[in-house]
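Participant: First, the structure itself, so that you have it in front of you.
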Amino acid sequence: MNAGRRVYSTDPAPMCPRCRRLVTACRCKQAPAAKPSDGVVRVARSTKGRNGKGVTVITGVPLTGADLQALGKRLKALCGAGGTVKDGTIEVQGDHRDALVEALAKNGWTVKRVGG
Ligand SMILES: [Zn+2]
């Protein structure tokens with residue numbers, strides 16, 4: 001007599017977590033989003049093609065345009081280092097992951113330090 005409490009189990013197909021369509025109707029794979037944001041800001045280190053000196057690469061920041069530029073400027077000042085902001089990614093020269101993770105977390109974002 002608990003019919004009203006039954007859990008529905010009528011999902012015929014899984015849903016795409018990104019666009020929330022049925023995967024059969026999902027277009028994410030055909031046209032991937034410019035920045036697939038899962039709400040996590042990632043702080044990584046990269047040494048690719050930069051004379052081994054390394055840069056700290058920040059991705060997933062939920063800001064765009066002038067806001068993102070302003071954040072990049074602030075973070076570079078914080079680290080006393082140069083860097084660039086492009087394609088939704090902030091790069092700061094040198095390995096400043098600890099300081100940047102701390103600074104980004106203060107915005108209330110979920111921040112993950114990735115890489116070794
Ligand atoms: Zn999708």
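For the structure tokens, the naming scheme is as follows: chains receive sequential letters (A, B, ...) according to their order of presentation, residues are indexed from 1 within each chain, and ligands are indexed from 1 in presentation order.
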Sorted by chain and rising residue number, list the residues of chain A at most 8 Å from ligand 1 (counting only C-alpha atoms and all ligand atoms), each with its closest atom pair and distance in Å to one decimal, as a tab-separated table.
Facilitator:
```
residue	atom	partner	partner_atom_place_in_ligand_line	distance
A:Met15	CA	ligand 1	1 (Zn)	7.8
A:Cys16	CA	ligand 1	1 (Zn)	4.5
A:Pro17	CA	ligand 1	1 (Zn)	6.6
A:Arg18	CA	ligand 1	1 (Zn)	4.9
A:Cys19	CA	ligand 1	1 (Zn)	4.2
A:Arg20	CA	ligand 1	1 (Zn)	6.2
A:Arg21	CA	ligand 1	1 (Zn)	6.0
A:Leu22	CA	ligand 1	1 (Zn)	7.6
A:Val23	CA	ligand 1	1 (Zn)	6.3
A:Ala25	CA	ligand 1	1 (Zn)	7.6
A:Cys26	CA	ligand 1	1 (Zn)	4.1
A:Arg27	CA	ligand 1	1 (Zn)	5.4
A:Cys28	CA	ligand 1	1 (Zn)	4.3
A:Lys29	CA	ligand 1	1 (Zn)	7.1
```
Participant: Would you output that residue set with C-alpha atoms, as a tab-separated table (two decimals), in the first residue's frame?
Facilitator:
```tsv
chain	number	residue	atom	x	y	z
A	15	MET	CA	20.81	11.54	-19.76
A	16	CYS	CA	23.77	13.61	-20.86
A	17	PRO	CA	25.01	15.37	-17.73
A	18	ARG	CA	26.14	18.35	-19.77
A	19	CYS	CA	23.07	19.27	-21.80
A	20	ARG	CA	20.49	17.20	-19.92
A	21	ARG	CA	19.11	15.67	-23.07
A	22	LEU	CA	18.81	11.99	-23.64
A	23	VAL	CA	22.17	10.81	-24.86
A	25	ALA	CA	19.61	13.48	-28.63
A	26	CYS	CA	22.86	14.86	-27.27
A	27	ARG	CA	24.93	17.05	-29.51
A	28	CYS	CA	27.81	17.64	-27.12
A	29	LYS	CA	30.07	15.23	-28.95
```
Participant: Name the residues in contact with stretch 60-70 of chain A at a cut-off of 7 Å, using only C-alpha atoms, excluding same-chain residues fewer than 6 positions from it; report them as a list in words.
Facilitator: Ser37, Gly39, Val40, Val41, Arg42, Val85 and Gly88 of chain A
Participant: Save the residues we just selected, N, CA and C atoms, as a PDB file, in the first residue's frame?
Facilitator:
```
ATOM      1  N   SER A  37      32.724  23.208 -18.557  1.00  0.00           N
ATOM      2  CA  SER A  37      32.854  23.545 -17.144  1.00  0.00           C
ATOM      3  C   SER A  37      32.032  22.592 -16.298  1.00  0.00           C
ATOM      4  N   GLY A  39      32.163  23.172 -13.030  1.00  0.00           N
ATOM      5  CA  GLY A  39      32.081  23.935 -11.795  1.00  0.00           C
ATOM      6  C   GLY A  39      33.331  23.854 -10.938  1.00  0.00           C
ATOM      7  N   VAL A  40      34.365  23.204 -11.462  1.00  0.00           N
ATOM      8  CA  VAL A  40      35.599  23.060 -10.700  1.00  0.00           C
ATOM      9  C   VAL A  40      36.696  23.883 -11.364  1.00  0.00           C
ATOM     10  N   VAL A  41      37.344  24.704 -10.570  1.00  0.00           N
ATOM     11  CA  VAL A  41      38.483  25.461 -11.056  1.00  0.00           C
ATOM     12  C   VAL A  41      39.730  24.610 -10.837  1.00  0.00           C
ATOM     13  N   ARG A  42      40.489  24.426 -11.899  1.00  0.00           N
ATOM     14  CA  ARG A  42      41.665  23.568 -11.794  1.00  0.00           C
ATOM     15  C   ARG A  42      42.950  24.382 -11.925  1.00  0.00           C
ATOM     16  N   VAL A  85      46.057  35.786 -20.251  1.00  0.00           N
ATOM     17  CA  VAL A  85      44.688  35.302 -20.142  1.00  0.00           C
ATOM     18  C   VAL A  85      44.176  35.115 -21.556  1.00  0.00           C
ATOM     19  N   GLY A  88      39.729  31.615 -22.015  1.00  0.00           N
ATOM     20  CA  GLY A  88      39.162  31.171 -20.751  1.00  0.00           C
ATOM     21  C   GLY A  88      40.164  30.572 -19.788  1.00  0.00           C
TER      22      GLY A  88
END
```
Participant: Any idea what the distance is between atom CA of A:Asp95 and atom CA of A:Lys53?
Facilitator: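 Result for atom CA of A:Asp95 versus atom CA of A:Lys53: 8.5 Å, one decimal.
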Participant: How many Å separate atom CA of A:Thr59 from atom CA of A:Ala81?
Facilitator: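 Computed distance, atom CA of A:Thr59 to atom CA of A:Ala81, equals 17.8 Å.
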Participant: Tell me, in Å to one decimal, how far atom CA of A:Asp38 is from atom CA of A:Cys79.
Facilitator: 26.2 Å
Participant: Nearest to A:Gln93 among A:Val111, A:Val57, A:Leu71, A:Ala105, with distances taken over only C-alpha atoms: which residue is it?
Facilitator: A:Val57
Participant: With distances taken over only C-alpha atoms, which of A:Val55, A:Val114, A:Ala13, A:Ile90 is nearest to A:Lys73?
Facilitator: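 Closest candidate: A:Ile90.
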